[in-house]
Amino acid sequence: MLARRIIPCLDVKDGRVVKGVRFREHEDVGDPVELARRYADEGADELVFYDITASAEDRTLDYAWVRAVAKVLDIPFCVAGGIRSVDAALKCLENGADKVSINSPALERPDLIGEIARTAGSQCAVVGVDSFEADGDYVVHQYTGDPERSRAAGRRTLDWIAEAQDRGAGEIVLNCMNQDGVRQGYDVKQLKLARGRLSIPLVASGGAGAAEHFREVFEDADVSGALAASVFHKGVLSVPGLKRELREAGIEVRL
Amino acid sequence: MPKTLDVTVVRLGVGNTASMMFALERLGADPRLSSDPAEIAEAERLILPGVGAAAHAMGRIEALGLTAVLKGFERPLLGVCLGQQLLYETSEEGDARSLGRIPGAVRAMVAAPDRPVPHMGWNRLKIEREDPLLEGVQDGAFVYFVHGYACETGPATLASTDYGGRFSSVVRASNAWGCQFHPERSAETGARILQNFLRLPC
C-alpha cells in the first residue's frame with residue numbers, strides 16, 4: 001500500500017534556512033544542506049524548499065543551494081518560489097530537484113502549468129494554492145509571501161485546482177490560510193472537498209500542531225501527504241515519533 | 001577507482017540526470033554522462049534513466065542513433081522509471097514501440113477515488129524472485145515511485161508492487177534490469193540496489 005507522506009517544508013532566504021512569521025523578523029536556523037540531511041535521516045518522506053523572497057521580489061532562485069542539497073539528499077525534494085518560466089523550472093530539475101511548485105506565477109499565466117508538464121512531465125509540475133475561507137466560500141490568494149502585495153486572485157479554490165489538474169499538474173499542495181501558523185489542525189473540511197475534485201495527489205498544508213492533526217487529515221480528507229513547517233522546526237513533533245504514532249493508529253507510513 | 005564501479009548514464013535530454021549522477025557519486029563511482037552511441041556501446045555498465053513521455057523518449061533514442069546500441073547492449077543495463085518501461089515491447093503512452101528487451105506491455109494506470117494517479121510516493125516491494133540486484137533488500141521495503149504508466153507482471157518480474165493491482169517494480173531479462181521506482185531517491189534501499197548494480201560482473 002502507498003504510504004502517506006510526511007513533508008517538512010523549509011523556508012530559504014539568501015541561501016539560508018530561516019524561520020519567522022512570514023516576511024518579518026527572520027531568524028537564521030541553518031544551512032539547507034545540513035537541515036536537509038537531518039530531516040532525511042529522521043525519516044522525512046520528501047522535503048519542500050520554499051524561497052520566501054523570490055516570488056514576491058520578482059527574482060528567480062539562486063540554484064547553487066539546490067545543487068548542494070541534491071548532492072546529499074537520497075529522498076525526493078521540491079523547490080518552490082520564483083519559478084515563472086519553463087527555463088527556470090528546468091534549471092531546478094537539471095540541478096537535481098525532483099519537482100517544482102508554482103503558485104503566484106501559475107495564477108498570472110496559467111499556461112505555465114501545461115508548459116512545464118509537457119516539457120518535464122506532469123510528475124514534476126506541482127501547483128501550490130493559497131486558499132482563504134471567506135463567507136463560506138474558498139478563494140485563492142496570491143503573493144502571500146509579502147503582506148504588502150498579498151491579495152485575492154479572483155478565483156475560487158475548487159475551480160482553480162480542477163483547472164490546474166486539467167492543464168497538466170501532477171500534484172496539488174493546498175495551503176489553507178485560515179489555519180496557517182496557528183497549529184489548530186488542518187482544514188479537513190476544505191481538503192476533503194478538494195480531494196473530491198481531483199484525480200491527482202493532494203498534499204495538505206497549514207495548521208499542523210499535533211500528531212492527531214496528521215491522523216485526522218489522512219483518515220478524514222484522504223490526502224496523499226501532509227506538509228508542515230513550524231511543528232517540526234520548533235521540535236513540537238519529531239518525524240520518527242509522529243510516524244510511530246500514525247502507524248499505531250493504523251495509517252501506512254514508511255518507518 | 002576500482003574498475004567494477006565504471007558506469008555510464010545515458011543522457012536523452014529528458015529528465016533529471018543530476019540526482020542519478022549524485023547518487024552514483026555517493027557510492028564512490030565516477031559516472032559518465034553520455035549521448036554518444038560509440039561511447040555508450042563501449043560502456044562497462046549502463047543506466048538508462050528518464051522521466052517524461054515514452055514516445056518522446058523513443059524519438060530521442062532514435063534521433064541520437066542509440067536504438068541498435070540499446071537493443072544489443074550485452075553488459076549490465078539498468079532502466080530506471082521510464083527507462084524500465086522502455087525495455088518493454090510497447091507502451092500505451094503515445095503508442096510507443098519500445099526496445100523490446102522484456103516481453104510485455106506498459107499500460108496507463110487508472111485513477112480511482114481512493115487511488116490518485118500519478119502513483120506518487122513510497123510503496124512496498126514484494127520480492128518475487130531472488131536476484132543479485134536485490135541482495136540485502138528486505139521483502140516489504142519501501143521505495144519511491146512517480147509514474148502514471150506501469151509494466152505488467154510476467155516471467156521477468158523480480159519484485160512487484162500493489163497499487164490497485166500488481167505491477168512489475170523490478171524486472172530482469174538476461175543482462176537487462178529495470179526499476180520502476182527511483183533508486184536514487186529511495187534512501188538506503190535504493191542505495192543498496194544501485195550498489196548491487198555497480199557490483200554485477202560485466
# chains A, B, ... in the order shown; residues from 1 in each chain; ligands from 1
>>> closest_atom_pairs(of="chain B", to="chain A", cutoff="6 Å", atoms="only C-alpha atoms", output="tab-separated table")
residue	atom	partner	partner_atom	distance
B:Asn16	CA	A:Glu94	CA	5.5
B:Ala18	CA	A:Gly96	CA	4.9
B:Ser19	CA	A:Gly96	CA	4.9
B:Phe22	CA	A:Lys71	CA	5.2
B:Gly52	CA	A:Gly121	CA	4.6
B:Pro116	CA	A:Ile200	CA	4.8
B:Val117	CA	A:Ile200	CA	5.1
B:Trp122	CA	A:Ala3	CA	5.5
B:Asn123	CA	A:Leu2	CA	4.5
B:Arg185	CA	A:Ile75	CA	4.4
B:Ser186	CA	A:Ile75	CA	5.8
B:Ala187	CA	A:Asp74	CA	4.9
>>> residues_around(residues="Phe167 in chain B", least_positions_apart="2", cutoff="7 Å", atoms="only C-alpha atoms", output="VMD selection string")
chain B and resid 150 to 153 160 to 162 165 169
>>> write_last_selection(atoms="N, CA and C atoms", output="compact mmCIF listing (two decimals), in the first residue's frame")
# COMPACT_ATOMS: atom_id res chain seq x y z
N ALA B 150 2.40 1.73 -16.06
CA ALA B 150 3.01 0.64 -15.29
C ALA B 150 3.23 -0.57 -16.18
N CYS B 151 4.27 -1.35 -15.83
CA CYS B 151 4.65 -2.55 -16.58
C CYS B 151 3.90 -3.76 -16.02
N GLU B 152 3.31 -4.55 -16.91
CA GLU B 152 2.60 -5.74 -16.44
C GLU B 152 3.58 -6.73 -15.82
N THR B 153 3.06 -7.61 -14.97
CA THR B 153 3.92 -8.64 -14.37
C THR B 153 4.05 -9.79 -15.36
N SER B 160 7.27 -7.05 -7.27
CA SER B 160 6.05 -6.39 -7.72
C SER B 160 5.59 -5.44 -6.62
N THR B 161 4.69 -4.54 -6.99
CA THR B 161 4.14 -3.55 -6.06
C THR B 161 2.66 -3.43 -6.34
N ASP B 162 1.90 -3.20 -5.27
CA ASP B 162 0.44 -3.15 -5.38
C ASP B 162 -0.06 -1.71 -5.37
N GLY B 165 -3.84 -3.24 -7.98
CA GLY B 165 -3.37 -4.35 -8.82
C GLY B 165 -1.85 -4.34 -8.83
N SER B 169 7.76 -3.92 -10.36
CA SER B 169 8.57 -2.80 -9.85
C SER B 169 10.06 -3.05 -10.02
>>> residues_around(residues="Ala68 in chain B", least_positions_apart="5", cutoff="10 Å", atoms="only C-alpha atoms", output="ChimeraX atom specification")
/B:37,41,61-62,73,99
>>> select_by_dssp(residues="chain B", states="strand (DSSP E or B)", output="NGL selection string")
:B and (8-10 or 32-34 or 46-48 or 77-80 or 90-91 or 96-97 or 105-108 or 112 or 115 or 119-124 or 126-127 or 142-147 or 149-151 or 157-162 or 166-173 or 176-179)
>>> atom_distance(atom1="CA of Ile47 in chain B", atom2="CA of Met120 in chain B")
22.0 Å
>>> residues_around(residues="Pro132 in chain B", least_positions_apart="6", cutoff="10 Å", atoms="only C-alpha atoms", output="ChimeraX atom specification")
/B:193,196-197,199-200
>>> residues_around(residues="range 155-157 of chain A", least_positions_apart="2", cutoff="10 Å", atoms="only C-alpha atoms", output="list in words")
Leu107, Val129, Asp130, Ser131, Phe132, Glu133, Asp137, Tyr138, Val139, Val140, His141, Ala152, Ala153, Asp159, Trp160, Ile161, Ala162, Glu163, Leu174, Gln190 and Ala194 of chain A
>>> atom_distance(atom1="CA of Ala226 in chain A", atom2="CA of Val110 in chain B")
23.4 Å
>>> select_by_dssp(residues="range 87-208 of chain A", states="helix (DSSP H, G or I)", output="count of residues only")
46
>>> residues_around(residues="Arg124 in chain B", least_positions_apart="6", cutoff="6 Å", atoms="only C-alpha atoms", output="ChimeraX atom specification")
/B:140-142
>>> residues_around(residues="range 7-18 of chain A", least_positions_apart="3", cutoff="10 Å", atoms="only C-alpha atoms", output="JSON, numbers by chain")
{"A": [4, 22, 25, 26, 27, 28, 29, 30, 31, 32, 33, 34, 35, 36, 39, 40, 43, 44, 45, 46, 47, 48, 49, 50, 51, 52, 53, 54, 61, 62, 63, 64, 65, 66, 77, 78, 79, 80, 81, 203, 204, 205, 225, 226, 227, 228, 229, 230, 231, 232, 233, 239]}
>>> write_last_selection(atoms="C-alpha atoms", output="tab-separated table (two decimals), in the first residue's frame")
chain	number	residue	atom	x	y	z
A	4	ARG	CA	1.14	8.62	3.46
A	22	ARG	CA	6.21	35.12	7.03
A	25	GLU	CA	11.93	39.13	11.75
A	26	HIS	CA	13.52	36.09	10.26
A	27	GLU	CA	15.81	34.03	12.39
A	28	ASP	CA	18.59	32.08	10.72
A	29	VAL	CA	18.15	28.42	11.62
A	30	GLY	CA	20.85	26.86	9.50
A	31	ASP	CA	22.30	25.61	6.30
A	32	PRO	CA	19.90	23.97	3.79
A	33	VAL	CA	22.25	21.05	3.20
A	34	GLU	CA	22.63	20.20	6.90
A	35	LEU	CA	18.92	20.52	7.62
A	36	ALA	CA	18.02	18.50	4.52
A	39	TYR	CA	15.31	15.54	8.08
A	40	ALA	CA	16.12	12.77	5.59
A	43	GLY	CA	12.69	9.61	8.03
A	44	ALA	CA	11.02	12.54	6.24
A	45	ASP	CA	9.47	11.23	3.01
A	46	GLU	CA	10.08	14.33	0.95
A	47	LEU	CA	11.18	17.92	1.50
A	48	VAL	CA	9.93	21.21	0.13
A	49	PHE	CA	12.24	24.20	-0.06
A	50	TYR	CA	10.41	27.46	-0.41
A	51	ASP	CA	12.35	30.54	-1.44
A	52	ILE	CA	10.35	33.05	0.55
A	53	THR	CA	11.65	36.16	-1.13
A	54	ALA	CA	11.92	35.08	-4.75
A	61	LEU	CA	16.07	31.28	-7.45
A	62	ASP	CA	19.71	31.01	-6.74
A	63	TYR	CA	20.36	27.45	-7.91
A	64	ALA	CA	23.64	26.79	-6.08
A	65	TRP	CA	21.93	25.55	-2.92
A	66	VAL	CA	19.53	23.39	-4.98
A	77	PHE	CA	12.60	17.23	-2.90
A	78	CYS	CA	10.56	20.02	-4.42
A	79	VAL	CA	11.61	23.62	-4.99
A	80	ALA	CA	9.12	26.47	-4.77
A	81	GLY	CA	9.28	30.22	-5.11
A	203	VAL	CA	-1.00	17.42	-0.22
A	204	ALA	CA	-2.40	19.22	2.84
A	205	SER	CA	-0.69	22.33	4.17
A	225	GLY	CA	0.77	13.78	2.07
A	226	ALA	CA	0.85	16.37	4.80
A	227	LEU	CA	3.21	19.32	4.79
A	228	ALA	CA	4.28	21.16	7.92
A	229	ALA	CA	6.96	23.59	8.96
A	230	SER	CA	6.99	25.10	12.44
A	231	VAL	CA	5.81	21.98	14.22
A	232	PHE	CA	8.97	20.20	13.07
A	233	HIS	CA	11.39	23.13	13.20
A	239	VAL	CA	9.32	12.94	12.32
>>> atom_distance(atom1="CA of Val171 in chain B", atom2="CA of Arg107 in chain B")
15.8 Å
>>> closest_residue(among="B:Ala96, B:Ala176, B:Cys81, B:Leu194", to="Phe145 in chain B", atoms="only C-alpha atoms")
B:Cys81
